[in-house]
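Structure record follows, encoded as structure tokens.
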Amino acid sequence: MGKINILGVHVDAIDMNEAVAKVKGFLENDGANAVFTPNSEIMMAAYRDEKFKDILNSAEMIIADGVGVVYASRILKRPLPERVAGFDLACRTLEEVSDGSKSVYFFGGKPGVCELAIENLKKKYPDLYVSGFSDGYFDDEKEKKIIEDIKEKKPDILFVCLGAPKQELWISKHKDELGAKVLLGVGGTLDVLAGTAKRAPVFFQKTGLEWLYRLLKQPKRIGRMLDLPKFGFTVLLKGKKFPQED
Ligand code: UDP
């Protein structure tokens, strides 16, 4: 399973089943493994900021969360097998450990969101082993306490849902001190699990128009969303300059 160089970010050329298998592999070994899930906006942020690009590339797995990233791979004639949405990978991972064989910790979202998400998950997976949680709004003092709590619980899987790029920066800064084996940076996943935000209907997901649904729901995202066409043009104009592995 190789990687594809998209504007300097090395995205794993894997489908959902392979991504799940990789997470399972991480769980069987020692060491911390970061999983990042960039969309077009994040890819553009990495293109603009070398340091952030290095942080993204430091992850043990990078999956194409956005359909724009999959289109980019096609432009480069290195097609990714499919879009692997961070939310879907989070759900598949939870399903894999729903027998309680591994512990999970949720970090992120507004106060109360984790509790709701866990309540919903417990209805579906009564045996799921949730070792802890914390909301994602903190000052230095609260952050210290959160870190201590995670270290104490030593979860197998830590879901970090602080939005991008905050979650990627946080994971890369702390991943080696926490004792978690897999650290997933998966944005608004907790909101959807809690039911405080809705995933786009399947029609929008299947037609690659999830971004349009999000734009209709949150028109203030328009500025950020301009990164989608900018990303496409940048890949068209500059994409070939980034060398591939083979
Ligand atoms: N969030 C958080 N702490 C912060 C900022 C955001 O926990 O300091 C959470 C927010 O509550 C939401 C998630 O991060 O659950 C994703 O936020 P947003 O929609 O702003 O980011 P996106 O993933 O769309 O880039």
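Labels used: A, B, ... for chains in the order of the structure tokens, numbers from 1 for residues in each chain, and numbers from 1 for ligands as shown.
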List the neighbours of region 36-41 of chain A out to 6 Å using only C-alpha atoms; skip same-chain residues closer than 2 positions along the sequence, and give me the result as a PDB file with all heavy atoms, in the first residue's frame.
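Result saved to result-v5.pdb:
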ATOM      1  N   MET A  43      -5.670  20.453   3.026  1.00  0.00           N
ATOM      2  CA  MET A  43      -4.585  20.261   2.052  1.00  0.00           C
ATOM      3  C   MET A  43      -4.040  21.627   1.618  1.00  0.00           C
ATOM      4  O   MET A  43      -2.831  21.798   1.466  1.00  0.00           O
ATOM      5  CB  MET A  43      -5.103  19.493   0.824  1.00  0.00           C
ATOM      6  CG  MET A  43      -5.568  18.086   1.120  1.00  0.00           C
ATOM      7  SD  MET A  43      -4.268  16.972   1.678  1.00  0.00           S
ATOM      8  CE  MET A  43      -3.464  16.568   0.145  1.00  0.00           C
ATOM      9  N   MET A  44      -4.943  22.600   1.453  1.00  0.00           N
ATOM     10  CA  MET A  44      -4.488  23.940   1.066  1.00  0.00           C
ATOM     11  C   MET A  44      -3.722  24.590   2.217  1.00  0.00           C
ATOM     12  O   MET A  44      -2.724  25.271   1.995  1.00  0.00           O
ATOM     13  CB  MET A  44      -5.681  24.824   0.669  1.00  0.00           C
ATOM     14  CG  MET A  44      -6.092  24.704  -0.777  1.00  0.00           C
ATOM     15  SD  MET A  44      -4.725  24.749  -1.948  1.00  0.00           S
ATOM     16  CE  MET A  44      -4.457  26.506  -2.138  1.00  0.00           C
ATOM     17  N   ILE A  62      -2.658   8.856   6.722  1.00  0.00           N
ATOM     18  CA  ILE A  62      -3.396  10.040   6.252  1.00  0.00           C
ATOM     19  C   ILE A  62      -4.428   9.547   5.246  1.00  0.00           C
ATOM     20  O   ILE A  62      -4.078   8.947   4.221  1.00  0.00           O
ATOM     21  CB  ILE A  62      -2.449  11.056   5.561  1.00  0.00           C
ATOM     22  CG1 ILE A  62      -1.353  11.518   6.528  1.00  0.00           C
ATOM     23  CG2 ILE A  62      -3.245  12.241   5.029  1.00  0.00           C
ATOM     24  CD1 ILE A  62      -0.385  12.537   5.940  1.00  0.00           C
ATOM     25  N   ILE A  63      -5.694   9.787   5.546  1.00  0.00           N
ATOM     26  CA  ILE A  63      -6.730   9.325   4.616  1.00  0.00           C
ATOM     27  C   ILE A  63      -7.430  10.520   3.970  1.00  0.00           C
ATOM     28  O   ILE A  63      -7.435  11.619   4.517  1.00  0.00           O
ATOM     29  CB  ILE A  63      -7.768   8.418   5.326  1.00  0.00           C
ATOM     30  CG1 ILE A  63      -8.387   9.136   6.536  1.00  0.00           C
ATOM     31  CG2 ILE A  63      -7.126   7.093   5.727  1.00  0.00           C
ATOM     32  CD1 ILE A  63      -9.581   8.423   7.123  1.00  0.00           C
ATOM     33  N   ALA A  64      -8.007  10.260   2.805  1.00  0.00           N
ATOM     34  CA  ALA A  64      -8.652  11.327   2.043  1.00  0.00           C
ATOM     35  C   ALA A  64     -10.086  11.498   2.514  1.00  0.00           C
ATOM     36  O   ALA A  64     -10.978  10.794   2.069  1.00  0.00           O
ATOM     37  CB  ALA A  64      -8.614  10.975   0.553  1.00  0.00           C
ATOM     38  N   ASP A  65     -10.284  12.466   3.413  1.00  0.00           N
ATOM     39  CA  ASP A  65     -11.626  12.681   3.968  1.00  0.00           C
ATOM     40  C   ASP A  65     -12.545  13.343   2.947  1.00  0.00           C
ATOM     41  O   ASP A  65     -13.742  13.080   2.926  1.00  0.00           O
ATOM     42  CB  ASP A  65     -11.516  13.568   5.219  1.00  0.00           C
ATOM     43  CG  ASP A  65     -12.877  13.915   5.798  1.00  0.00           C
ATOM     44  OD1 ASP A  65     -13.441  13.035   6.465  1.00  0.00           O
ATOM     45  OD2 ASP A  65     -13.367  15.023   5.574  1.00  0.00           O
ATOM     46  N   GLY A  66     -11.978  14.192   2.113  1.00  0.00           N
ATOM     47  CA  GLY A  66     -12.813  14.972   1.187  1.00  0.00           C
ATOM     48  C   GLY A  66     -12.744  14.438  -0.225  1.00  0.00           C
ATOM     49  O   GLY A  66     -11.720  13.910  -0.659  1.00  0.00           O
ATOM     50  N   GLY A  68     -12.613  16.188  -2.775  1.00  0.00           N
ATOM     51  CA  GLY A  68     -11.645  17.002  -3.512  1.00  0.00           C
ATOM     52  C   GLY A  68     -10.269  16.342  -3.542  1.00  0.00           C
ATOM     53  O   GLY A  68      -9.544  16.433  -4.537  1.00  0.00           O
ATOM     54  N   VAL A  69      -9.930  15.664  -2.455  1.00  0.00           N
ATOM     55  CA  VAL A  69      -8.617  15.003  -2.378  1.00  0.00           C
ATOM     56  C   VAL A  69      -8.593  13.812  -3.347  1.00  0.00           C
ATOM     57  O   VAL A  69      -7.587  13.538  -4.001  1.00  0.00           O
ATOM     58  CB  VAL A  69      -8.301  14.570  -0.926  1.00  0.00           C
ATOM     59  CG1 VAL A  69      -6.906  13.977  -0.820  1.00  0.00           C
ATOM     60  CG2 VAL A  69      -8.448  15.752   0.035  1.00  0.00           C
ATOM     61  N   GLY A  86     -13.439  10.583   7.535  1.00  0.00           N
ATOM     62  CA  GLY A  86     -13.002  10.433   8.922  1.00  0.00           C
ATOM     63  C   GLY A  86     -14.124   9.940   9.814  1.00  0.00           C
ATOM     64  O   GLY A  86     -13.912   9.072  10.668  1.00  0.00           O
ATOM     65  N   GLY A 185      -7.732  12.194  14.525  1.00  0.00           N
ATOM     66  CA  GLY A 185      -8.180  13.588  14.430  1.00  0.00           C
ATOM     67  C   GLY A 185      -9.404  13.631  13.532  1.00  0.00           C
ATOM     68  O   GLY A 185      -9.280  13.613  12.312  1.00  0.00           O
ATOM     69  N   ASP A 227     -11.415  27.352  -0.732  1.00  0.00           N
ATOM     70  CA  ASP A 227     -10.210  26.537  -0.816  1.00  0.00           C
ATOM     71  C   ASP A 227     -10.418  25.301  -1.683  1.00  0.00           C
ATOM     72  O   ASP A 227      -9.460  24.741  -2.201  1.00  0.00           O
ATOM     73  CB  ASP A 227      -9.757  26.106   0.588  1.00  0.00           C
ATOM     74  CG  ASP A 227      -8.806  27.113   1.181  1.00  0.00           C
ATOM     75  OD1 ASP A 227      -8.266  27.938   0.423  1.00  0.00           O
ATOM     76  OD2 ASP A 227      -8.602  27.084   2.408  1.00  0.00           O
ATOM     77  N   LEU A 228     -11.662  24.880  -1.829  1.00  0.00           N
ATOM     78  CA  LEU A 228     -11.930  23.680  -2.633  1.00  0.00           C
ATOM     79  C   LEU A 228     -11.536  23.903  -4.099  1.00  0.00           C
ATOM     80  O   LEU A 228     -10.677  23.182  -4.621  1.00  0.00           O
ATOM     81  CB  LEU A 228     -13.394  23.292  -2.494  1.00  0.00           C
ATOM     82  CG  LEU A 228     -13.711  21.809  -2.527  1.00  0.00           C
ATOM     83  CD1 LEU A 228     -14.944  21.514  -1.692  1.00  0.00           C
ATOM     84  CD2 LEU A 228     -13.915  21.291  -3.931  1.00  0.00           C
TER      85      LEU A 228
END
Within 9 Å of ligand 1: each chain A residue with its shortest pair, only C-alpha atoms and all ligand atoms, as JSON lines:
{"residue": "A:Glu41", "atom": "CA", "partner": "ligand 1", "partner_atom_place_in_ligand_line": "25 (O)", "distance": 8.5}
{"residue": "A:Ile42", "atom": "CA", "partner": "ligand 1", "partner_atom_place_in_ligand_line": "25 (O)", "distance": 8.5}
{"residue": "A:Phe107", "atom": "CA", "partner": "ligand 1", "partner_atom_place_in_ligand_line": "7 (O)", "distance": 7.4}
{"residue": "A:Gly108", "atom": "CA", "partner": "ligand 1", "partner_atom_place_in_ligand_line": "7 (O)", "distance": 3.8}
{"residue": "A:Gly109", "atom": "CA", "partner": "ligand 1", "partner_atom_place_in_ligand_line": "11 (O)", "distance": 3.5}
{"residue": "A:Lys110", "atom": "CA", "partner": "ligand 1", "partner_atom_place_in_ligand_line": "11 (O)", "distance": 4.6}
{"residue": "A:Pro111", "atom": "CA", "partner": "ligand 1", "partner_atom_place_in_ligand_line": "11 (O)", "distance": 8.4}
{"residue": "A:Val113", "atom": "CA", "partner": "ligand 1", "partner_atom_place_in_ligand_line": "15 (O)", "distance": 7.9}
{"residue": "A:Asp135", "atom": "CA", "partner": "ligand 1", "partner_atom_place_in_ligand_line": "7 (O)", "distance": 6.0}
{"residue": "A:Gly136", "atom": "CA", "partner": "ligand 1", "partner_atom_place_in_ligand_line": "7 (O)", "distance": 3.2}
{"residue": "A:Tyr137", "atom": "CA", "partner": "ligand 1", "partner_atom_place_in_ligand_line": "3 (N)", "distance": 4.8}
{"residue": "A:Phe138", "atom": "CA", "partner": "ligand 1", "partner_atom_place_in_ligand_line": "8 (O)", "distance": 7.4}
{"residue": "A:Val160", "atom": "CA", "partner": "ligand 1", "partner_atom_place_in_ligand_line": "7 (O)", "distance": 8.3}
{"residue": "A:Cys161", "atom": "CA", "partner": "ligand 1", "partner_atom_place_in_ligand_line": "14 (O)", "distance": 5.1}
{"residue": "A:Leu162", "atom": "CA", "partner": "ligand 1", "partner_atom_place_in_ligand_line": "14 (O)", "distance": 3.5}
{"residue": "A:Gly163", "atom": "CA", "partner": "ligand 1", "partner_atom_place_in_ligand_line": "21 (O)", "distance": 3.6}
{"residue": "A:Ala164", "atom": "CA", "partner": "ligand 1", "partner_atom_place_in_ligand_line": "25 (O)", "distance": 4.7}
{"residue": "A:Pro165", "atom": "CA", "partner": "ligand 1", "partner_atom_place_in_ligand_line": "25 (O)", "distance": 7.3}
{"residue": "A:Lys166", "atom": "CA", "partner": "ligand 1", "partner_atom_place_in_ligand_line": "8 (O)", "distance": 7.2}
{"residue": "A:Gln167", "atom": "CA", "partner": "ligand 1", "partner_atom_place_in_ligand_line": "14 (O)", "distance": 8.1}
{"residue": "A:Val186", "atom": "CA", "partner": "ligand 1", "partner_atom_place_in_ligand_line": "23 (O)", "distance": 7.2}
{"residue": "A:Gly187", "atom": "CA", "partner": "ligand 1", "partner_atom_place_in_ligand_line": "23 (O)", "distance": 3.8}
{"residue": "A:Gly188", "atom": "CA", "partner": "ligand 1", "partner_atom_place_in_ligand_line": "16 (C)", "distance": 4.1}
{"residue": "A:Thr189", "atom": "CA", "partner": "ligand 1", "partner_atom_place_in_ligand_line": "15 (O)", "distance": 7.1}
{"residue": "A:Leu190", "atom": "CA", "partner": "ligand 1", "partner_atom_place_in_ligand_line": "15 (O)", "distance": 6.1}
{"residue": "A:Asp191", "atom": "CA", "partner": "ligand 1", "partner_atom_place_in_ligand_line": "15 (O)", "distance": 5.3}
{"residue": "A:Val192", "atom": "CA", "partner": "ligand 1", "partner_atom_place_in_ligand_line": "15 (O)", "distance": 8.6}
{"residue": "A:Ala197", "atom": "CA", "partner": "ligand 1", "partner_atom_place_in_ligand_line": "15 (O)", "distance": 8.7}
{"residue": "A:Arg221", "atom": "CA", "partner": "ligand 1", "partner_atom_place_in_ligand_line": "24 (O)", "distance": 8.8}
* **12 Å contact set for Ile118 (chain A), only C-alpha atoms, chain neighbours under 5 positions out, as a list in words** => Leu94, Val104, Tyr105, Phe106, Phe107, Gly112, Val113, Lys123, Lys124, Tyr125, Pro126, Asp127, Leu128, Tyr129, Val130, Ser131, Gly132, Phe133, Ser134, Thr189, Leu190, Asp191, Val192, Leu193, Ala194 and Gly195 of chain A
* strand (DSSP E) per DSSP on the backbone: members of chain A, as a VMD selection string -> chain A and resid 3 to 6 9 to 12 33 to 36 61 to 62 103 to 108 129 to 134 157 to 161 182 to 185
Emit the selected residues as a CSV table (one decimal), in the first residue's frame, including N, CA and C atoms.
chain,number,residue,atom,x,y,z
A,3,LYS,N,1.8,5.5,-1.0
A,3,LYS,CA,1.3,6.8,-0.7
A,3,LYS,C,1.3,7.7,-1.9
A,4,ILE,N,0.4,8.6,-2.0
A,4,ILE,CA,0.4,9.5,-3.1
A,4,ILE,C,0.7,10.9,-2.6
A,5,ASN,N,1.6,11.5,-3.4
A,5,ASN,CA,2.1,12.9,-3.0
A,5,ASN,C,1.2,13.9,-3.6
A,6,ILE,N,0.3,14.5,-2.8
A,6,ILE,CA,-0.6,15.6,-3.3
A,6,ILE,C,-0.2,16.9,-2.7
A,9,VAL,N,1.7,16.5,0.5
A,9,VAL,CA,1.1,15.7,1.6
A,9,VAL,C,1.0,14.3,1.1
A,10,HIS,N,1.5,13.4,1.9
A,10,HIS,CA,1.6,12.0,1.5
A,10,HIS,C,0.4,11.2,2.0
A,11,VAL,N,-0.6,11.1,1.1
A,11,VAL,CA,-1.9,10.5,1.5
A,11,VAL,C,-1.8,9.0,1.2
A,12,ASP,N,-2.3,8.2,2.1
A,12,ASP,CA,-2.3,6.7,2.0
A,12,ASP,C,-3.3,6.3,0.9
A,33,ASN,N,0.1,6.1,17.3
A,33,ASN,CA,-0.1,6.2,15.8
A,33,ASN,C,-1.2,7.3,15.6
A,34,ALA,N,-0.7,8.4,14.9
A,34,ALA,CA,-1.7,9.4,14.6
A,34,ALA,C,-2.4,9.1,13.2
A,35,VAL,N,-3.7,9.4,13.2
A,35,VAL,CA,-4.4,9.3,11.9
A,35,VAL,C,-5.0,10.6,11.6
A,36,PHE,N,-4.7,11.2,10.5
A,36,PHE,CA,-5.3,12.5,10.1
A,36,PHE,C,-6.2,12.3,8.9
A,61,MET,N,-0.9,7.5,9.5
A,61,MET,CA,-1.9,7.3,8.4
A,61,MET,C,-2.6,8.6,8.0
A,62,ILE,N,-2.7,8.9,6.7
A,62,ILE,CA,-3.4,10.0,6.3
A,62,ILE,C,-4.4,9.5,5.2
A,103,SER,N,-10.0,0.1,24.9
A,103,SER,CA,-10.7,1.3,25.6
A,103,SER,C,-10.6,2.5,24.6
A,104,VAL,N,-11.6,3.3,24.7
A,104,VAL,CA,-11.7,4.5,23.9
A,104,VAL,C,-11.9,5.7,24.8
A,105,TYR,N,-11.3,6.9,24.4
A,105,TYR,CA,-11.5,8.1,25.1
A,105,TYR,C,-11.9,9.2,24.1
A,106,PHE,N,-12.8,10.0,24.5
A,106,PHE,CA,-13.3,11.1,23.6
A,106,PHE,C,-12.9,12.4,24.1
A,107,PHE,N,-12.3,13.2,23.2
A,107,PHE,CA,-11.8,14.5,23.6
A,107,PHE,C,-12.3,15.5,22.5
A,108,GLY,N,-13.1,16.5,22.9
A,108,GLY,CA,-13.6,17.5,21.9
A,108,GLY,C,-15.0,17.8,22.0
A,129,TYR,N,-16.1,0.0,25.8
A,129,TYR,CA,-15.3,0.4,26.9
A,129,TYR,C,-14.8,1.9,26.8
A,130,VAL,N,-15.6,2.8,27.4
A,130,VAL,CA,-15.2,4.2,27.3
A,130,VAL,C,-14.5,4.6,28.6
A,131,SER,N,-13.2,4.8,28.5
A,131,SER,CA,-12.4,5.0,29.7
A,131,SER,C,-12.4,6.5,30.2
A,132,GLY,N,-12.8,7.4,29.3
A,132,GLY,CA,-12.9,8.8,29.7
A,132,GLY,C,-13.3,9.7,28.6
A,133,PHE,N,-13.5,11.0,29.0
A,133,PHE,CA,-13.9,12.0,27.9
A,133,PHE,C,-13.7,13.4,28.5
A,134,SER,N,-13.5,14.3,27.6
A,134,SER,CA,-13.4,15.7,28.0
A,134,SER,C,-13.9,16.6,26.8
A,157,ILE,N,-7.6,3.9,22.1
A,157,ILE,CA,-7.9,4.8,21.0
A,157,ILE,C,-8.4,6.1,21.6
A,158,LEU,N,-7.8,7.2,21.1
A,158,LEU,CA,-8.2,8.5,21.6
A,158,LEU,C,-8.8,9.3,20.4
A,159,PHE,N,-10.0,9.7,20.5
A,159,PHE,CA,-10.7,10.5,19.4
A,159,PHE,C,-10.5,11.9,19.8
A,160,VAL,N,-9.8,12.7,18.9
A,160,VAL,CA,-9.5,14.1,19.2
A,160,VAL,C,-10.3,14.9,18.2
A,161,CYS,N,-11.3,15.6,18.7
A,161,CYS,CA,-12.3,16.2,17.8
A,161,CYS,C,-12.4,17.7,18.1
A,182,VAL,N,-3.7,4.7,19.2
A,182,VAL,CA,-4.3,5.3,18.0
A,182,VAL,C,-4.9,6.7,18.4
A,183,LEU,N,-4.5,7.7,17.7
A,183,LEU,CA,-5.0,9.0,18.0
A,183,LEU,C,-5.7,9.5,16.7
A,184,LEU,N,-7.0,9.6,16.7
A,184,LEU,CA,-7.7,10.0,15.4
A,184,LEU,C,-8.1,11.4,15.5
A,185,GLY,N,-7.7,12.2,14.5
A,185,GLY,CA,-8.2,13.6,14.4
A,185,GLY,C,-9.4,13.6,13.5
* Report the distance between CA of Gly25 (chain A) and CA of Leu89 (chain A) in Å, rounded to one decimal place. => 14.4 Å
* So what do you get for CA of Lys24 (chain A) versus CA of Trp211 (chain A), distance-wise? -> 29.5 Å
* Asked: Mind checking DSSP for region 3-245 of chain A and telling me the helix (DSSP H, G or I) residues as a PyMOL selection string?
  -> chain A and resi 16-28+40-48+50-57+67-75+86-96+113-124+140-153+166-178+189-194+202-206+210-217+219-225+227-241
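The environment of Lys241 (chain A) within 10 Å, counting only C-alpha atoms and disregarding residues fewer than 2 places along the same chain, consists of Asn5, Ile6, Leu7, Gly8, Val235, Leu237, Lys238, Gly239, Pro243 and Gln244 of chain A.
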Keeping C-alpha atoms for every residue in the selection just given, could you write it to a file as a CSV table (one decimal), in the first residue's frame?
chain,number,residue,atom,x,y,z
A,5,ASN,CA,2.1,12.9,-3.0
A,6,ILE,CA,-0.6,15.6,-3.3
A,7,LEU,CA,1.0,19.0,-3.1
A,8,GLY,CA,3.6,17.6,-0.6
A,235,VAL,CA,-3.2,20.6,-8.1
A,237,LEU,CA,-1.0,23.8,-12.1
A,238,LYS,CA,1.6,22.6,-9.6
A,239,GLY,CA,0.6,19.0,-8.7
A,243,PRO,CA,7.5,13.7,-6.9
A,244,GLN,CA,5.7,10.3,-6.4
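Relative to CA of Leu76 (chain A), CA of Ile171 (chain A) is found at 29.4 Å.
Counting only C-alpha atoms, the residue from A:Ala45, A:Gly208, A:Glu115, A:Lys220 that sits nearest to Tyr71 (chain A) is A:Gly208.
Proximity ranking of A:Arg224, A:Tyr213, A:Glu143, A:Cys114 relative to Thr196 (chain A) places A:Cys114 first, based on only C-alpha atoms.
Minimum atom-to-atom distances from A:Thr207, A:Lys77, A:Thr93, A:Leu56 to Lys173 (chain A) were compared using only C-alpha atoms, and the lowest value belongs to A:Leu56.
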